[in-house]
$ cat model18.cif   # mmCIF, N, CA and C atoms
data_target
loop_
_atom_site.label_atom_id
_atom_site.label_comp_id
_atom_site.auth_asym_id
_atom_site.auth_seq_id
_atom_site.Cartn_x
_atom_site.Cartn_y
_atom_site.Cartn_z
N PHE A 1017 13.04 8.47 5.76
CA PHE A 1017 13.64 9.28 6.80
C PHE A 1017 14.16 8.35 7.87
N LEU A 1018 15.45 8.41 8.16
CA LEU A 1018 16.04 7.59 9.23
C LEU A 1018 15.91 8.33 10.55
N ALA A 1019 15.08 7.79 11.43
CA ALA A 1019 14.89 8.40 12.75
C ALA A 1019 16.01 8.02 13.69
N SER A 1020 16.59 6.85 13.48
CA SER A 1020 17.74 6.38 14.28
C SER A 1020 18.46 5.32 13.45
N ASP A 1021 19.43 4.67 14.05
CA ASP A 1021 20.14 3.60 13.34
C ASP A 1021 19.26 2.38 13.08
N THR A 1022 18.14 2.26 13.80
CA THR A 1022 17.31 1.06 13.68
C THR A 1022 15.87 1.32 13.26
N VAL A 1023 15.47 2.58 13.10
CA VAL A 1023 14.08 2.90 12.76
C VAL A 1023 14.04 3.81 11.54
N MET A 1024 13.18 3.43 10.57
CA MET A 1024 13.04 4.19 9.33
C MET A 1024 11.56 4.48 9.08
N PHE A 1025 11.23 5.73 8.78
CA PHE A 1025 9.90 6.12 8.34
C PHE A 1025 9.93 6.33 6.83
N TYR A 1026 8.86 5.97 6.15
CA TYR A 1026 8.85 6.12 4.70
C TYR A 1026 7.46 6.48 4.20
N GLY A 1027 7.42 7.07 3.03
CA GLY A 1027 6.17 7.39 2.35
C GLY A 1027 6.13 6.69 1.01
N ARG A 1028 4.94 6.54 0.49
CA ARG A 1028 4.79 5.92 -0.81
C ARG A 1028 3.60 6.52 -1.52
N GLY A 1029 3.61 6.46 -2.82
CA GLY A 1029 2.50 6.96 -3.61
C GLY A 1029 2.61 6.43 -5.02
N GLY A 1030 1.50 6.42 -5.71
CA GLY A 1030 1.55 5.93 -7.08
C GLY A 1030 0.19 5.87 -7.73
N TRP A 1031 0.18 5.25 -8.88
CA TRP A 1031 -1.00 5.08 -9.70
C TRP A 1031 -1.39 3.62 -9.65
N THR A 1032 -2.68 3.34 -9.71
CA THR A 1032 -3.17 1.97 -9.64
C THR A 1032 -4.29 1.75 -10.65
N ARG A 1033 -4.49 0.53 -11.03
CA ARG A 1033 -5.56 0.16 -11.96
C ARG A 1033 -6.12 -1.18 -11.52
N THR A 1034 -7.45 -1.29 -11.57
CA THR A 1034 -8.10 -2.55 -11.24
C THR A 1034 -9.27 -2.78 -12.19
N ASN A 1035 -9.62 -4.02 -12.40
CA ASN A 1035 -10.73 -4.38 -13.27
C ASN A 1035 -11.82 -5.02 -12.42
N VAL A 1036 -13.06 -4.56 -12.59
CA VAL A 1036 -14.21 -5.09 -11.87
C VAL A 1036 -15.14 -5.74 -12.87
N ASP A 1037 -15.49 -7.01 -12.63
CA ASP A 1037 -16.41 -7.73 -13.50
C ASP A 1037 -17.82 -7.64 -12.94
N PHE A 1038 -18.73 -7.12 -13.76
CA PHE A 1038 -20.15 -7.07 -13.42
C PHE A 1038 -20.85 -8.22 -14.13
N VAL A 1039 -22.14 -8.40 -13.89
CA VAL A 1039 -22.87 -9.52 -14.48
C VAL A 1039 -22.78 -9.50 -16.00
N ALA A 1040 -23.02 -8.35 -16.62
CA ALA A 1040 -23.04 -8.28 -18.08
C ALA A 1040 -21.91 -7.42 -18.66
N ASP A 1041 -21.01 -6.94 -17.83
CA ASP A 1041 -20.00 -6.01 -18.31
C ASP A 1041 -18.80 -6.03 -17.36
N SER A 1042 -17.76 -5.36 -17.75
CA SER A 1042 -16.62 -5.15 -16.87
C SER A 1042 -16.16 -3.71 -17.02
N LYS A 1043 -15.49 -3.21 -15.99
CA LYS A 1043 -15.04 -1.82 -15.99
C LYS A 1043 -13.65 -1.77 -15.38
N THR A 1044 -12.76 -1.01 -16.02
CA THR A 1044 -11.43 -0.78 -15.48
C THR A 1044 -11.42 0.57 -14.78
N PHE A 1045 -10.96 0.58 -13.55
CA PHE A 1045 -10.88 1.80 -12.76
C PHE A 1045 -9.41 2.20 -12.61
N ASP A 1046 -9.10 3.45 -12.88
CA ASP A 1046 -7.78 4.01 -12.61
C ASP A 1046 -7.87 4.84 -11.34
N GLY A 1047 -6.77 4.92 -10.63
CA GLY A 1047 -6.78 5.69 -9.40
C GLY A 1047 -5.37 5.99 -8.92
N TRP A 1048 -5.29 6.50 -7.71
CA TRP A 1048 -4.01 6.86 -7.09
C TRP A 1048 -3.98 6.31 -5.68
N ASN A 1049 -2.76 6.15 -5.15
CA ASN A 1049 -2.64 5.73 -3.76
C ASN A 1049 -1.54 6.51 -3.08
N VAL A 1050 -1.67 6.63 -1.78
CA VAL A 1050 -0.70 7.34 -0.96
C VAL A 1050 -0.66 6.65 0.41
N GLY A 1051 0.49 6.64 1.01
CA GLY A 1051 0.60 5.99 2.31
C GLY A 1051 1.96 6.21 2.92
N GLY A 1052 2.17 5.52 4.01
CA GLY A 1052 3.44 5.62 4.70
C GLY A 1052 3.55 4.56 5.77
N GLY A 1053 4.73 4.45 6.31
CA GLY A 1053 4.92 3.43 7.33
C GLY A 1053 6.20 3.62 8.10
N VAL A 1054 6.46 2.63 8.93
CA VAL A 1054 7.66 2.62 9.75
C VAL A 1054 8.22 1.19 9.73
N GLU A 1055 9.55 1.09 9.68
CA GLU A 1055 10.23 -0.20 9.75
C GLU A 1055 11.30 -0.12 10.82
N ALA A 1056 11.32 -1.12 11.68
CA ALA A 1056 12.30 -1.17 12.76
C ALA A 1056 13.15 -2.43 12.62
N PHE A 1057 14.44 -2.25 12.69
CA PHE A 1057 15.37 -3.37 12.59
C PHE A 1057 15.66 -3.90 14.00
N LEU A 1058 15.34 -5.17 14.22
CA LEU A 1058 15.50 -5.77 15.54
C LEU A 1058 16.87 -6.42 15.71
N ALA A 1059 17.42 -6.90 14.61
CA ALA A 1059 18.74 -7.52 14.60
C ALA A 1059 19.30 -7.31 13.20
N ASP A 1060 20.52 -7.77 12.95
CA ASP A 1060 21.15 -7.55 11.65
C ASP A 1060 20.29 -8.03 10.49
N ASN A 1061 19.58 -9.14 10.65
CA ASN A 1061 18.83 -9.72 9.55
C ASN A 1061 17.33 -9.84 9.83
N VAL A 1062 16.80 -9.09 10.80
CA VAL A 1062 15.39 -9.18 11.16
C VAL A 1062 14.81 -7.77 11.33
N SER A 1063 13.66 -7.54 10.68
CA SER A 1063 12.97 -6.26 10.85
C SER A 1063 11.46 -6.49 10.90
N VAL A 1064 10.74 -5.53 11.47
CA VAL A 1064 9.28 -5.54 11.49
C VAL A 1064 8.81 -4.21 10.92
N ARG A 1065 7.63 -4.22 10.29
CA ARG A 1065 7.13 -2.99 9.68
C ARG A 1065 5.62 -2.92 9.80
N GLY A 1066 5.12 -1.70 9.71
CA GLY A 1066 3.69 -1.45 9.63
C GLY A 1066 3.48 -0.28 8.68
N GLU A 1067 2.46 -0.38 7.84
CA GLU A 1067 2.19 0.71 6.91
C GLU A 1067 0.70 0.86 6.67
N PHE A 1068 0.30 2.07 6.28
CA PHE A 1068 -1.08 2.37 5.93
C PHE A 1068 -1.08 2.92 4.51
N VAL A 1069 -2.02 2.42 3.67
CA VAL A 1069 -2.13 2.87 2.28
C VAL A 1069 -3.60 3.19 1.99
N TYR A 1070 -3.84 4.38 1.45
CA TYR A 1070 -5.18 4.79 1.02
C TYR A 1070 -5.19 4.83 -0.51
N THR A 1071 -6.19 4.19 -1.11
CA THR A 1071 -6.34 4.17 -2.56
C THR A 1071 -7.69 4.75 -2.93
N ASN A 1072 -7.71 5.63 -3.93
CA ASN A 1072 -8.94 6.25 -4.42
C ASN A 1072 -9.00 6.05 -5.93
N TYR A 1073 -10.14 5.51 -6.40
CA TYR A 1073 -10.33 5.25 -7.83
C TYR A 1073 -11.27 6.29 -8.43
N GLU A 1074 -11.21 6.41 -9.75
CA GLU A 1074 -12.10 7.33 -10.47
C GLU A 1074 -13.56 6.93 -10.26
N THR A 1075 -14.45 7.90 -10.35
CA THR A 1075 -15.88 7.65 -10.25
C THR A 1075 -16.39 7.15 -11.60
N ALA A 1076 -17.15 6.06 -11.57
CA ALA A 1076 -17.73 5.52 -12.79
C ALA A 1076 -18.98 4.73 -12.42
N LEU A 1077 -19.97 4.78 -13.28
CA LEU A 1077 -21.22 4.05 -13.08
C LEU A 1077 -21.88 4.41 -11.75
N GLY A 1078 -21.67 5.65 -11.29
CA GLY A 1078 -22.26 6.10 -10.04
C GLY A 1078 -21.56 5.57 -8.80
N VAL A 1079 -20.39 5.00 -8.96
CA VAL A 1079 -19.64 4.40 -7.85
C VAL A 1079 -18.29 5.11 -7.73
N GLU A 1080 -17.88 5.42 -6.51
CA GLU A 1080 -16.56 6.00 -6.27
C GLU A 1080 -15.80 5.08 -5.31
N PRO A 1081 -15.14 4.06 -5.86
CA PRO A 1081 -14.45 3.09 -4.99
C PRO A 1081 -13.21 3.68 -4.32
N SER A 1082 -12.96 3.24 -3.10
CA SER A 1082 -11.74 3.58 -2.39
C SER A 1082 -11.39 2.42 -1.48
N GLN A 1083 -10.16 2.42 -0.99
CA GLN A 1083 -9.70 1.33 -0.14
C GLN A 1083 -8.73 1.88 0.89
N LYS A 1084 -8.87 1.40 2.12
CA LYS A 1084 -7.93 1.71 3.20
C LYS A 1084 -7.31 0.38 3.63
N GLN A 1085 -5.98 0.34 3.64
CA GLN A 1085 -5.30 -0.92 3.91
C GLN A 1085 -4.19 -0.70 4.92
N PHE A 1086 -4.13 -1.57 5.92
CA PHE A 1086 -3.06 -1.54 6.92
C PHE A 1086 -2.30 -2.85 6.82
N ASN A 1087 -1.00 -2.77 6.62
CA ASN A 1087 -0.16 -3.95 6.47
C ASN A 1087 0.85 -4.02 7.62
N ILE A 1088 1.06 -5.22 8.11
CA ILE A 1088 2.14 -5.46 9.07
C ILE A 1088 2.95 -6.64 8.55
N GLY A 1089 4.21 -6.68 8.88
CA GLY A 1089 5.03 -7.78 8.42
C GLY A 1089 6.38 -7.82 9.08
N GLU A 1090 7.09 -8.87 8.77
CA GLU A 1090 8.45 -9.03 9.27
C GLU A 1090 9.31 -9.53 8.12
N LYS A 1091 10.58 -9.28 8.23
CA LYS A 1091 11.51 -9.69 7.19
C LYS A 1091 12.73 -10.31 7.86
N GLN A 1092 13.10 -11.48 7.38
CA GLN A 1092 14.30 -12.13 7.89
C GLN A 1092 15.22 -12.38 6.71
N GLY A 1093 16.45 -11.97 6.86
CA GLY A 1093 17.44 -12.20 5.81
C GLY A 1093 18.34 -13.37 6.16
N LEU A 1094 19.16 -13.74 5.22
CA LEU A 1094 20.11 -14.81 5.44
C LEU A 1094 21.36 -14.25 6.11
N ALA A 1095 21.87 -14.97 7.04
CA ALA A 1095 23.10 -14.54 7.70
C ALA A 1095 24.26 -14.58 6.71
N ALA A 1096 25.11 -13.59 6.78
CA ALA A 1096 26.25 -13.52 5.85
C ALA A 1096 27.35 -14.47 6.24
#
$ encode --input "model18.cif" --output "structure tokens"
Amino acid sequence: FLASDTVMFYGRGGWTRTNVDFVADSKTFDGWNVGGGVEAFLADNVSVRGEFVYTNYETALGVEPSQKQFNIGEKQGLAA
């Protein structure tokens, strides 16, 4: 969603898989993630962004893993 010429809001979602190694075994967990963020363009080739992503994995072995992640970053492009 373009809020203005320089600010964009976005959403994301998907499927994820991770492998956890235990002492005598390993387990693959499947799950889903959902999140969103905002990116602001400061100049023609420079932007900054922040996003939040929540991931939830299937329950297995009495464990229900989940993850909350906040990312910040900047992007610089090459001048044309």
$ residues_around --input "model18.cif" --residues "Glu1067 of chain A" --least-positions-apart "5" --cutoff "7 Å" --atoms "only C-alpha atoms" --output "NGL selection string"
:A and (1052-1054 or 1086-1088)
$ closest_residue --input "model18.cif" --among "A:Val1039, A:Val1023, A:Val1050, A:Gly1029" --to "Phe1068 of chain A" --atoms "all atoms listed in the file"
A:Val1050
$ closest_residue --input "model18.cif" --among "A:Val1062, A:Met1024, A:Ala1076, A:Val1069" --to "Glu1090 of chain A" --atoms "only N, CA and C atoms"
A:Val1062
$ atom_distance --input "model18.cif" --atom1 "atom C of Asn1061 of chain A" --atom2 "atom C of Asn1049 of chain A"
28.1 Å
$ atom_distance --input "model18.cif" --atom1 "atom CA of Gly1051 of chain A" --atom2 "atom CA of Asp1037 of chain A"
27.0 Å
$ closest_residue --input "model18.cif" --among "A:Val1079, A:Asp1046, A:Gly1089, A:Val1036" --to "Gly1066 of chain A" --atoms "all atoms listed in the file"
A:Gly1089
$ atom_distance --input "model18.cif" --atom1 "atom N of Trp1031 of chain A" --atom2 "atom N of Gly1047 of chain A"
7.2 Å
$ select_by_dssp --input "model18.cif" --residues "segment 1030-1090 of chain A" --states "strand (DSSP E)" --output "MDAnalysis selection string"
chainID A and resid 1030:1037 1042:1059 1062:1073 1082:1090
$ residues_around --input "model18.cif" --residues "Glu1074 of chain A" --least-positions-apart "6" --cutoff "8 Å" --atoms "all atoms listed in the file" --output "number ranges by chain"
A: 1044-1048, 1080-1082
$ axis_aligned_box --input "model18.cif" --around "segment 1036-1055 of chain A" --padding-each-side "6 Å" --output "JSON"
{"center_x": -5.9, "center_y": -1.1, "center_z": -3.9, "size_x": 46.3, "size_y": 28.9, "size_z": 41.5}
